[in-house]
>>> print(open('input-v3.cif').read())   # mmCIF, C-alpha atoms and all ligand atoms
data_data
#
loop_
_atom_site.label_atom_id
_atom_site.label_comp_id
_atom_site.auth_asym_id
_atom_site.auth_seq_id
_atom_site.Cartn_x
_atom_site.Cartn_y
_atom_site.Cartn_z
CA MET R 1 3.12 -2.72 24.95
CA ALA R 2 0.65 -3.69 22.27
CA ASP R 3 -2.98 -3.61 23.40
CA ILE R 4 -3.66 -6.86 21.58
CA LYS R 5 -2.77 -10.47 22.26
CA PHE R 6 -1.21 -12.96 19.86
CA PRO R 7 -2.20 -15.05 17.99
CA CYS R 8 -4.35 -12.37 16.47
CA LYS R 9 -6.62 -12.40 13.43
CA PRO R 10 -6.41 -9.46 11.05
CA GLY R 11 -8.75 -6.62 11.80
CA ARG R 12 -8.91 -2.94 12.49
CA GLN R 13 -7.65 -3.29 16.03
CA LEU R 14 -4.42 -4.87 14.77
CA THR R 15 -3.99 -2.18 12.10
CA ILE R 16 -4.68 0.58 14.60
CA THR R 17 -2.22 -0.91 17.08
CA VAL R 18 0.58 -0.93 14.49
CA ALA R 19 -0.13 2.68 13.48
CA ARG R 20 -0.32 3.86 17.07
CA LEU R 21 2.92 2.15 18.07
CA LEU R 22 4.79 3.60 15.10
CA ASP R 23 3.27 7.08 15.61
CA GLN R 24 4.18 7.05 19.30
CA ALA R 25 7.75 6.08 18.37
CA GLY R 26 7.92 9.06 15.98
CA ILE R 27 8.16 6.82 12.91
CA PRO R 28 6.21 8.05 9.86
CA ASN R 29 4.15 5.21 8.37
CA VAL R 30 1.73 4.64 5.51
CA LEU R 31 -0.71 1.77 5.17
CA CYS R 32 -0.82 0.05 1.76
CA GLY R 33 -1.98 -3.32 0.47
CA GLU R 34 -5.36 -4.93 0.82
CA ILE R 35 -6.60 -2.93 3.80
CA MET R 36 -5.88 0.34 2.00
CA LEU R 37 -7.64 -0.96 -1.12
CA TYR R 38 -10.64 -1.96 1.01
CA ALA R 39 -10.85 1.62 2.30
CA TYR R 40 -10.73 2.81 -1.32
CA GLY R 41 -13.81 0.67 -1.98
CA VAL R 42 -12.11 -2.35 -3.57
CA PRO R 43 -13.59 -5.68 -2.36
CA THR R 44 -10.29 -7.31 -1.40
CA ALA R 45 -10.23 -10.84 -0.03
CA THR R 46 -6.97 -10.98 1.97
CA TRP R 47 -5.91 -8.98 4.94
CA CYS R 48 -2.17 -8.68 5.33
CA ASN R 49 -1.05 -5.54 7.14
CA THR R 50 1.27 -3.86 4.65
CA TRP R 51 3.20 -0.79 5.83
CA VAL R 52 5.60 1.53 4.06
CA ILE R 53 8.29 3.19 6.17
CA PRO R 54 11.00 5.73 5.23
CA ASP R 55 14.18 3.74 4.53
CA HIS R 56 16.26 5.27 7.32
CA LEU R 57 13.61 4.28 9.90
CA ILE R 58 12.83 0.72 8.77
CA GLU R 59 15.09 -0.76 11.46
CA ALA R 60 13.48 1.43 14.12
CA ALA R 61 10.02 0.36 12.94
CA PHE R 62 11.02 -3.30 13.21
CA LYS R 63 12.38 -2.79 16.74
CA THR R 64 9.25 -0.91 17.81
CA LEU R 65 6.96 -3.80 16.87
CA ARG R 66 9.38 -6.41 18.17
CA ASP R 67 9.57 -4.62 21.53
CA ALA R 68 5.77 -4.59 21.62
CA SER R 69 5.85 -8.42 21.48
CA PHE R 70 4.88 -8.80 17.84
CA PRO R 71 5.98 -12.36 16.87
CA ILE R 72 9.08 -12.15 14.68
CA CYS R 73 9.55 -14.50 11.73
CA GLU R 74 13.03 -16.01 11.86
CA MET R 75 12.82 -17.09 8.21
CA GLY R 76 12.97 -13.52 6.93
CA SER R 77 12.84 -13.25 3.13
CA GLU R 78 12.93 -17.06 2.83
CA CYS R 79 9.57 -17.44 4.54
CA LEU R 80 7.02 -18.99 2.19
CA LEU R 81 4.30 -16.72 3.49
CA VAL R 82 5.97 -13.56 2.25
CA LYS R 83 7.34 -15.13 -0.90
CA ARG R 84 3.73 -15.81 -1.91
CA TRP R 85 4.72 -17.72 -5.00
CA GLY R 86 6.94 -14.91 -6.25
CA ARG R 87 4.10 -12.65 -7.24
CA GLU R 88 4.39 -9.94 -4.59
CA PRO R 89 7.27 -7.80 -3.31
CA ILE R 90 9.00 -9.29 -0.26
CA PRO R 91 8.94 -7.06 2.84
CA GLU R 92 12.10 -6.00 4.62
CA TYR R 93 10.66 -7.38 7.89
CA HIS R 94 7.53 -9.26 8.75
CA PHE R 95 5.75 -10.66 11.80
CA HIS R 96 3.43 -13.66 12.12
CA VAL R 97 0.58 -12.31 14.16
CA ASP R 98 -1.37 -15.56 13.87
CA HIS R 99 0.72 -18.48 15.11
CA THR R 100 -2.02 -20.97 14.33
CA TYR R 101 -1.01 -20.68 10.70
CA ASP R 102 -0.08 -23.34 8.26
CA LYS R 103 0.47 -21.62 4.97
CA TYR R 104 -2.33 -19.07 4.74
CA ALA R 105 -1.64 -17.08 7.87
CA TRP R 106 -1.64 -13.33 8.23
CA THR R 107 1.46 -11.19 8.49
CA VAL R 108 2.37 -7.62 9.35
CA ASP R 109 4.80 -6.53 6.64
CA LEU R 110 7.23 -3.60 6.73
CA HIS R 111 8.51 -2.35 3.38
CA LYS R 112 11.12 0.30 2.71
CA LYS R 113 9.61 3.32 1.01
CA SER R 114 12.23 3.11 -1.72
CA SER R 115 10.90 -0.26 -2.84
CA ILE R 116 7.26 0.72 -3.32
CA LEU R 117 6.57 4.46 -3.02
CA TRP R 118 9.91 6.01 -3.91
CA MET R 119 8.26 8.64 -6.10
CA LEU R 120 6.23 10.11 -3.22
CA PRO R 121 7.48 12.53 -0.56
CA ASP R 122 8.10 11.01 2.88
CA PRO R 123 4.99 10.91 5.06
CA THR R 124 4.90 12.65 8.42
CA VAL R 125 3.93 11.27 11.81
CA GLU R 126 1.16 13.84 12.02
CA PRO R 127 -2.04 13.39 10.00
CA PRO R 128 -1.86 15.02 6.54
CA VAL R 129 -3.64 18.33 6.07
CA PRO R 130 -7.04 18.03 4.33
CA ASP R 131 -5.75 19.27 0.97
CA ASP R 132 -2.52 17.23 1.03
CA GLN R 133 -1.86 16.11 -2.53
CA THR R 134 -0.13 12.86 -1.54
CA TYR R 135 -1.61 11.34 1.60
CA MET R 136 -5.01 11.15 3.30
CA LEU R 137 -6.60 9.34 6.23
CA THR R 138 -8.79 6.24 6.19
CA THR R 139 -11.47 8.43 7.77
CA ASP R 140 -11.39 11.01 4.95
CA PRO R 141 -14.97 11.92 3.92
CA ARG R 142 -13.87 11.85 0.26
CA LEU R 143 -13.54 8.06 0.48
CA PRO R 144 -16.72 6.24 -0.54
CA PRO R 145 -19.09 4.64 1.97
CA TRP R 146 -19.63 0.89 1.90
CA ILE R 147 -22.01 -0.27 -0.77
CA PRO R 148 -22.84 -3.89 -1.69
CA GLY R 149 -20.29 -5.45 -4.03
CA TYR R 150 -17.56 -2.99 -3.09
CA GLY R 151 -15.02 -2.63 -0.29
CA GLY R 152 -15.75 -1.20 3.12
CA GLY R 153 -14.85 2.37 2.21
CA ARG R 154 -13.98 5.06 4.72
CA TRP R 155 -13.55 4.29 8.37
CA LEU R 156 -15.70 5.82 11.08
CA GLU R 157 -14.74 9.36 11.95
CA CYS R 158 -13.88 8.34 15.50
CA SER R 159 -11.35 5.70 14.35
CA TYR R 160 -7.67 6.18 15.01
CA PRO R 161 -6.26 8.10 11.99
CA ILE R 162 -4.41 5.78 9.60
CA LYS R 163 -2.38 7.37 6.83
CA ILE R 164 -2.79 6.04 3.27
CA PRO R 165 -1.75 7.38 -0.15
CA ARG R 166 -4.42 9.24 -2.06
CA PRO R 167 -5.85 6.83 -4.65
CA ALA R 168 -4.54 8.90 -7.56
CA ARG R 169 -1.00 8.85 -6.14
CA PHE R 170 -1.18 5.11 -5.51
CA LEU R 171 -2.43 4.54 -9.04
CA GLU R 172 0.55 6.53 -10.36
CA ALA R 173 2.85 4.49 -8.10
CA CYS R 174 1.43 1.24 -9.50
CA PHE R 175 2.11 2.49 -13.02
CA TYR R 176 5.80 3.10 -12.25
CA LEU R 177 6.06 -0.17 -10.31
CA TYR R 178 4.64 -1.97 -13.32
CA CYS R 179 7.21 -0.23 -15.55
CA ARG R 180 10.02 -1.17 -13.16
CA ASP R 181 9.05 -4.80 -12.77
CA ARG R 182 7.94 -5.71 -16.26
CA ASP R 183 11.43 -6.77 -17.35
CA GLY R 184 11.50 -9.97 -15.35
CA VAL R 185 11.43 -9.11 -11.64
CA GLY R 186 8.13 -10.94 -11.52
CA PHE R 187 5.77 -8.52 -9.82
CA SER R 188 4.46 -6.61 -12.85
CA SER R 189 1.20 -8.53 -13.05
CA TYR R 190 0.67 -7.81 -9.35
CA TRP R 191 0.74 -4.07 -10.02
CA MET R 192 -1.43 -4.37 -13.11
CA VAL R 193 -4.05 -6.16 -11.04
CA HIS R 194 -3.99 -3.21 -8.62
CA ILE R 195 -4.45 -0.78 -11.53
CA SER R 196 -7.40 -2.81 -12.81
CA TYR R 197 -9.03 -3.00 -9.40
CA ILE R 198 -8.65 0.72 -8.79
CA GLN R 199 -10.06 1.58 -12.20
CA GLN R 200 -13.00 -0.74 -11.69
CA TYR R 201 -13.90 -0.08 -8.06
CA VAL R 202 -12.54 3.39 -7.22
CA GLU R 203 -12.76 5.37 -10.42
CA GLY R 204 -15.94 3.47 -11.26
CA ASN R 205 -17.56 3.57 -7.83
CA PRO R 206 -21.25 4.38 -8.49
CA CYS R 207 -21.60 6.08 -5.12
CA LYS R 208 -18.55 8.29 -5.14
CA GLY R 209 -15.78 7.98 -7.70
CA ILE R 210 -12.84 9.81 -6.14
CA ILE R 211 -10.39 9.57 -9.02
CA THR R 212 -10.83 11.66 -12.12
CA TYR R 213 -8.36 11.82 -14.97
CA ASP R 214 -7.69 15.44 -13.97
CA ASP R 215 -6.15 14.14 -10.72
CA LEU R 216 -3.57 12.06 -12.54
CA GLU R 217 -0.21 13.18 -13.81
CA GLU R 218 1.10 12.34 -17.24
CA PRO R 219 1.96 9.84 -18.56
CA VAL R 220 -0.31 7.87 -16.26
CA ARG R 221 -3.42 9.64 -17.47
CA GLN R 222 -2.53 8.88 -21.07
CA PHE R 223 -1.69 5.29 -20.15
CA LEU R 224 -5.12 4.72 -18.67
CA GLU R 225 -6.92 6.42 -21.55
CA LEU R 226 -5.05 4.31 -24.07
CA ARG R 227 -4.73 1.18 -22.00
CA ASN R 228 -6.09 -1.13 -24.61
CA ALA R 229 -4.45 0.57 -27.57
CA ASP R 230 -1.22 -0.36 -29.37
CA LEU R 231 0.45 2.81 -28.10
CA ILE R 232 0.73 1.44 -24.57
CA GLU R 233 4.03 -0.37 -25.04
CA LYS R 234 5.69 2.76 -26.48
CA ILE R 235 4.51 4.89 -23.56
CA LEU R 236 5.77 2.39 -21.00
CA GLY R 237 9.19 2.09 -22.61
CA ALA R 238 9.71 5.85 -22.94
CA SER R 239 8.48 6.56 -19.40
CA TRP R 240 10.78 4.07 -17.77
CA ALA R 241 13.75 5.23 -19.86
CA SER R 242 13.26 8.84 -18.73
CA ALA R 243 12.73 7.78 -15.08
CA GLU R 244 15.98 5.80 -15.18
CA GLN R 245 17.79 8.75 -16.74
CA ALA R 246 16.50 11.07 -14.02
CA SER R 247 17.60 8.66 -11.25
CA ARG R 248 21.11 8.47 -12.76
CA ARG R 249 21.35 12.26 -12.68
CA GLU R 250 20.56 12.37 -8.93
ZN ZN R 301 7.51 -15.58 7.96
#
>>> encode(input="input-v3.cif", output="structure tokens", more="lines below")
Ligand SMILES: [Zn+2]
Amino acid sequence: MADIKFPCKPGRQLTITVARLLDQAGIPNVLCGEIMLYAYGVPTATWCNTWVIPDHLIEAAFKTLRDASFPICEMGSECLLVKRWGREPIPEYHFHVDHTYDKYAWTVDLHKKSSILWMLPDPTVEPPVPDDQTYMLTTDPRLPPWIPGYGGGRWLECSYPIKIPRPARFLEACFYLYCRDRDGVGFSSYWMVHISYIQQYVEGNPCKGIITYDDLEEPVRQFLELRNADLIEKILGASWASAEQASRRE
């Protein structure tokens, strides 16, 4: 059973409960979205619980939260709360943890890994090792502390370990998501906003910038260096063409 009661406002206890339930069920999970950005040091304003789950376990993840009394949304992908005016990807499953909502309520969203982080290796249930190149914990000392004007930064060391992508990997993911969605799916501006936020608040964090260009793989590094130059459109087109070619070969 969940150790929280519904309706429930967003907060660390809710996030920890989701992670713990999924971990205990043996379902690898990664936190994304606003709460992850806040741990990166981005001053986000909304607090949806966004989780990425390996595709073959998405059903099991849904059942785990449902069996723990998380309030299911019967509207599914037609729910206005997850459609969010067509600007954000729609989760495979979602729960309304705050039943006092009208139209600005909070949700716990479950996304298939193939829809957001397909380029990353599957996470594990266990915490990543300290030098893992893909994932880290919200308690990782490399994350910045809270400073005024920025997000909350790293969680206390004693907090339950929540797995998140390393900022450099998430930045690369946003680049490929932008490439994928820029031909009319409708989410491309959503990913570009993420890229801008990460550049401004993570790479540019005056206390501890944890992304350097050396961390980033090409062509993302080149993209960021030339972001405001005319070459950008050529790089995007060529990158997506080669990614599509590679996926056809698989
Ligand atoms: Zn809903």
>>> atom_distance(input="input-v3.cif", atom1="CA of Gly149 in chain R", atom2="CA of Pro130 in chain R")
28.2 Å
>>> residues_around(input="input-v3.cif", residues="range 5-9 of chain R", least_positions_apart="2", cutoff="10 Å", atoms="only C-alpha atoms", output="short mmCIF file (atom, residue, chain, number, x, y, z; two decimals) with C-alpha atoms, keeping the file's coordinate frame")
data_model
loop_
_atom_site.label_atom_id
_atom_site.label_comp_id
_atom_site.auth_asym_id
_atom_site.auth_seq_id
_atom_site.Cartn_x
_atom_site.Cartn_y
_atom_site.Cartn_z
CA ALA R 2 0.65 -3.69 22.27
CA ASP R 3 -2.98 -3.61 23.40
CA GLY R 11 -8.75 -6.62 11.80
CA ARG R 12 -8.91 -2.94 12.49
CA GLN R 13 -7.65 -3.29 16.03
CA LEU R 14 -4.42 -4.87 14.77
CA TRP R 47 -5.91 -8.98 4.94
CA CYS R 48 -2.17 -8.68 5.33
CA SER R 69 5.85 -8.42 21.48
CA PHE R 70 4.88 -8.80 17.84
CA PRO R 71 5.98 -12.36 16.87
CA HIS R 96 3.43 -13.66 12.12
CA VAL R 97 0.58 -12.31 14.16
CA ASP R 98 -1.37 -15.56 13.87
CA HIS R 99 0.72 -18.48 15.11
CA THR R 100 -2.02 -20.97 14.33
CA TYR R 101 -1.01 -20.68 10.70
CA ALA R 105 -1.64 -17.08 7.87
CA TRP R 106 -1.64 -13.33 8.23
CA THR R 107 1.46 -11.19 8.49
#
>>> residues_around(input="input-v3.cif", residues="Ile53 in chain R", least_positions_apart="3", cutoff="12 Å", atoms="only C-alpha atoms", output="PyMOL selection string")
chain R and resi 19+22-23+26-32+50+56-62+91-93+109-118+120-125+163-164
>>> residues_near_ligand(input="input-v3.cif", ligand="ligand ZN 301 (chain R)", cutoff="7 Å", atoms="all atoms listed in the file", output="list in words")
Cys73, Glu74, Met75, Gly76, Cys79, Leu80, Leu81, Val82, His94, Phe95 and His96 of chain R
>>> closest_residue(input="input-v3.cif", among="R:Pro145, R:Pro206, R:Pro128, R:Pro10", to="Glu157 in chain R", atoms="only C-alpha atoms")
R:Pro145
>>> atom_distance(input="input-v3.cif", atom1="CA of Ala246 in chain R", atom2="CA of Met119 in chain R")
11.7 Å
>>> closest_residue(input="input-v3.cif", among="R:Gly152, R:Pro141, R:Pro89, R:Pro127", to="Pro43 in chain R", atoms="only C-alpha atoms")
R:Gly152
>>> atom_distance(input="input-v3.cif", atom1="CA of Thr138 in chain R", atom2="CA of Pro161 in chain R")
6.6 Å
>>> closest_residue(input="input-v3.cif", among="R:Trp191, R:Phe170, R:Tyr197, R:Tyr178", to="Met136 in chain R", atoms="only C-alpha atoms")
R:Phe170
>>> closest_residue(input="input-v3.cif", among="R:Ile195, R:Glu34, R:Arg66, R:Trp51", to="Ile90 in chain R", atoms="only C-alpha atoms")
R:Trp51
>>> residues_around(input="input-v3.cif", residues="Thr15 in chain R", least_positions_apart="5", cutoff="9 Å", atoms="all atoms listed in the file", output="ChimeraX atom specification")
/R:10,20,31,35,49,108,162
>>> closest_residue(input="input-v3.cif", among="R:Thr64, R:Ser159, R:Thr44, R:Gln199", to="Ile16 in chain R", atoms="all atoms listed in the file")
R:Ser159
>>> closest_residue(input="input-v3.cif", among="R:Ala243, R:Met36, R:Leu216, R:Cys207", to="Pro144 in chain R", atoms="only C-alpha atoms")
R:Cys207
>>> residues_around(input="input-v3.cif", residues="Arg180 in chain R", least_positions_apart="3", cutoff="12 Å", atoms="all atoms listed in the file", output="MDAnalysis selection string")
chainID R and resid 115:116 118 173:177 183:189 191:192 236:237 239:244
>>> decode(input="input-v3.cif", residues="range 55-83 of chain R", atoms="N, CA and C atoms", output="PDB file, in the first residue's frame")
ATOM      1  N   ASP R  55       9.574  -0.174 -21.958  1.00  0.00           N
ATOM      2  CA  ASP R  55       8.290  -0.455 -22.632  1.00  0.00           C
ATOM      3  C   ASP R  55       7.618  -1.730 -22.133  1.00  0.00           C
ATOM      4  N   HIS R  56       8.417  -2.805 -21.979  1.00  0.00           N
ATOM      5  CA  HIS R  56       7.813  -4.097 -21.662  1.00  0.00           C
ATOM      6  C   HIS R  56       7.284  -4.158 -20.226  1.00  0.00           C
ATOM      7  N   LEU R  57       7.579  -3.113 -19.432  1.00  0.00           N
ATOM      8  CA  LEU R  57       7.111  -3.097 -18.044  1.00  0.00           C
ATOM      9  C   LEU R  57       6.110  -1.979 -17.761  1.00  0.00           C
ATOM     10  N   ILE R  58       5.662  -1.272 -18.803  1.00  0.00           N
ATOM     11  CA  ILE R  58       4.765  -0.132 -18.578  1.00  0.00           C
ATOM     12  C   ILE R  58       3.432  -0.592 -17.975  1.00  0.00           C
ATOM     13  N   GLU R  59       2.951  -1.744 -18.438  1.00  0.00           N
ATOM     14  CA  GLU R  59       1.688  -2.286 -17.915  1.00  0.00           C
ATOM     15  C   GLU R  59       1.867  -2.667 -16.427  1.00  0.00           C
ATOM     16  N   ALA R  60       2.994  -3.282 -16.141  1.00  0.00           N
ATOM     17  CA  ALA R  60       3.260  -3.684 -14.751  1.00  0.00           C
ATOM     18  C   ALA R  60       3.382  -2.464 -13.845  1.00  0.00           C
ATOM     19  N   ALA R  61       3.979  -1.391 -14.369  1.00  0.00           N
ATOM     20  CA  ALA R  61       4.108  -0.164 -13.577  1.00  0.00           C
ATOM     21  C   ALA R  61       2.731   0.415 -13.283  1.00  0.00           C
ATOM     22  N   PHE R  62       1.877   0.424 -14.306  1.00  0.00           N
ATOM     23  CA  PHE R  62       0.505   0.923 -14.120  1.00  0.00           C
ATOM     24  C   PHE R  62      -0.215   0.103 -13.039  1.00  0.00           C
ATOM     25  N   LYS R  63      -0.119  -1.220 -13.133  1.00  0.00           N
ATOM     26  CA  LYS R  63      -0.821  -2.077 -12.174  1.00  0.00           C
ATOM     27  C   LYS R  63      -0.276  -1.892 -10.757  1.00  0.00           C
ATOM     28  N   THR R  64       1.024  -1.662 -10.653  1.00  0.00           N
ATOM     29  CA  THR R  64       1.635  -1.467  -9.328  1.00  0.00           C
ATOM     30  C   THR R  64       1.054  -0.239  -8.635  1.00  0.00           C
ATOM     31  N   LEU R  65       0.943   0.864  -9.374  1.00  0.00           N
ATOM     32  CA  LEU R  65       0.393   2.082  -8.758  1.00  0.00           C
ATOM     33  C   LEU R  65      -1.117   1.951  -8.548  1.00  0.00           C
ATOM     34  N   ARG R  66      -1.792   1.322  -9.495  1.00  0.00           N
ATOM     35  CA  ARG R  66      -3.235   1.118  -9.329  1.00  0.00           C
ATOM     36  C   ARG R  66      -3.513   0.272  -8.082  1.00  0.00           C
ATOM     37  N   ASP R  67      -2.736  -0.788  -7.893  1.00  0.00           N
ATOM     38  CA  ASP R  67      -2.944  -1.667  -6.740  1.00  0.00           C
ATOM     39  C   ASP R  67      -2.584  -0.976  -5.423  1.00  0.00           C
ATOM     40  N   ALA R  68      -1.805   0.104  -5.518  1.00  0.00           N
ATOM     41  CA  ALA R  68      -1.467   0.869  -4.317  1.00  0.00           C
ATOM     42  C   ALA R  68      -2.458   2.019  -4.115  1.00  0.00           C
ATOM     43  N   SER R  69      -3.606   1.920  -4.791  1.00  0.00           N
ATOM     44  CA  SER R  69      -4.723   2.880  -4.618  1.00  0.00           C
ATOM     45  C   SER R  69      -4.484   4.241  -5.249  1.00  0.00           C
ATOM     46  N   PHE R  70      -3.530   4.340  -6.176  1.00  0.00           N
ATOM     47  CA  PHE R  70      -3.402   5.608  -6.898  1.00  0.00           C
ATOM     48  C   PHE R  70      -4.654   5.788  -7.754  1.00  0.00           C
ATOM     49  N   PRO R  71      -5.268   6.996  -7.740  1.00  0.00           N
ATOM     50  CA  PRO R  71      -6.527   7.208  -8.466  1.00  0.00           C
ATOM     51  C   PRO R  71      -6.335   7.221  -9.990  1.00  0.00           C
ATOM     52  N   ILE R  72      -6.927   6.239 -10.639  1.00  0.00           N
ATOM     53  CA  ILE R  72      -6.794   6.105 -12.100  1.00  0.00           C
ATOM     54  C   ILE R  72      -7.620   7.181 -12.792  1.00  0.00           C
ATOM     55  N   CYS R  73      -7.145   7.637 -13.955  1.00  0.00           N
ATOM     56  CA  CYS R  73      -7.958   8.519 -14.796  1.00  0.00           C
ATOM     57  C   CYS R  73      -8.603   7.676 -15.883  1.00  0.00           C
ATOM     58  N   GLU R  74      -9.928   7.670 -15.909  1.00  0.00           N
ATOM     59  CA  GLU R  74     -10.648   6.862 -16.893  1.00  0.00           C
ATOM     60  C   GLU R  74     -10.577   7.476 -18.285  1.00  0.00           C
ATOM     61  N   MET R  75     -10.238   8.760 -18.377  1.00  0.00           N
ATOM     62  CA  MET R  75     -10.224   9.443 -19.674  1.00  0.00           C
ATOM     63  C   MET R  75      -9.010   9.060 -20.521  1.00  0.00           C
ATOM     64  N   GLY R  76      -7.978   8.534 -19.895  1.00  0.00           N
ATOM     65  CA  GLY R  76      -6.788   8.137 -20.641  1.00  0.00           C
ATOM     66  C   GLY R  76      -6.203   9.293 -21.443  1.00  0.00           C
ATOM     67  N   SER R  77      -5.861   9.010 -22.703  1.00  0.00           N
ATOM     68  CA  SER R  77      -5.194  10.026 -23.531  1.00  0.00           C
ATOM     69  C   SER R  77      -6.125  11.172 -23.915  1.00  0.00           C
ATOM     70  N   GLU R  78      -7.426  11.024 -23.657  1.00  0.00           N
ATOM     71  CA  GLU R  78      -8.370  12.105 -23.969  1.00  0.00           C
ATOM     72  C   GLU R  78      -8.503  13.113 -22.836  1.00  0.00           C
ATOM     73  N   CYS R  79      -7.881  12.834 -21.717  1.00  0.00           N
ATOM     74  CA  CYS R  79      -7.981  13.728 -20.561  1.00  0.00           C
ATOM     75  C   CYS R  79      -7.326  15.082 -20.880  1.00  0.00           C
ATOM     76  N   LEU R  80      -8.024  16.143 -20.586  1.00  0.00           N
ATOM     77  CA  LEU R  80      -7.490  17.478 -20.884  1.00  0.00           C
ATOM     78  C   LEU R  80      -6.233  17.788 -20.083  1.00  0.00           C
ATOM     79  N   LEU R  81      -6.113  17.190 -18.919  1.00  0.00           N
ATOM     80  CA  LEU R  81      -4.942  17.484 -18.097  1.00  0.00           C
ATOM     81  C   LEU R  81      -3.650  16.966 -18.709  1.00  0.00           C
ATOM     82  N   VAL R  82      -3.716  15.830 -19.387  1.00  0.00           N
ATOM     83  CA  VAL R  82      -2.474  15.336 -19.990  1.00  0.00           C
ATOM     84  C   VAL R  82      -2.298  15.831 -21.424  1.00  0.00           C
ATOM     85  N   LYS R  83      -3.409  16.248 -22.035  1.00  0.00           N
ATOM     86  CA  LYS R  83      -3.252  16.832 -23.373  1.00  0.00           C
ATOM     87  C   LYS R  83      -2.503  18.160 -23.282  1.00  0.00           C
TER      88      LYS R  83
END
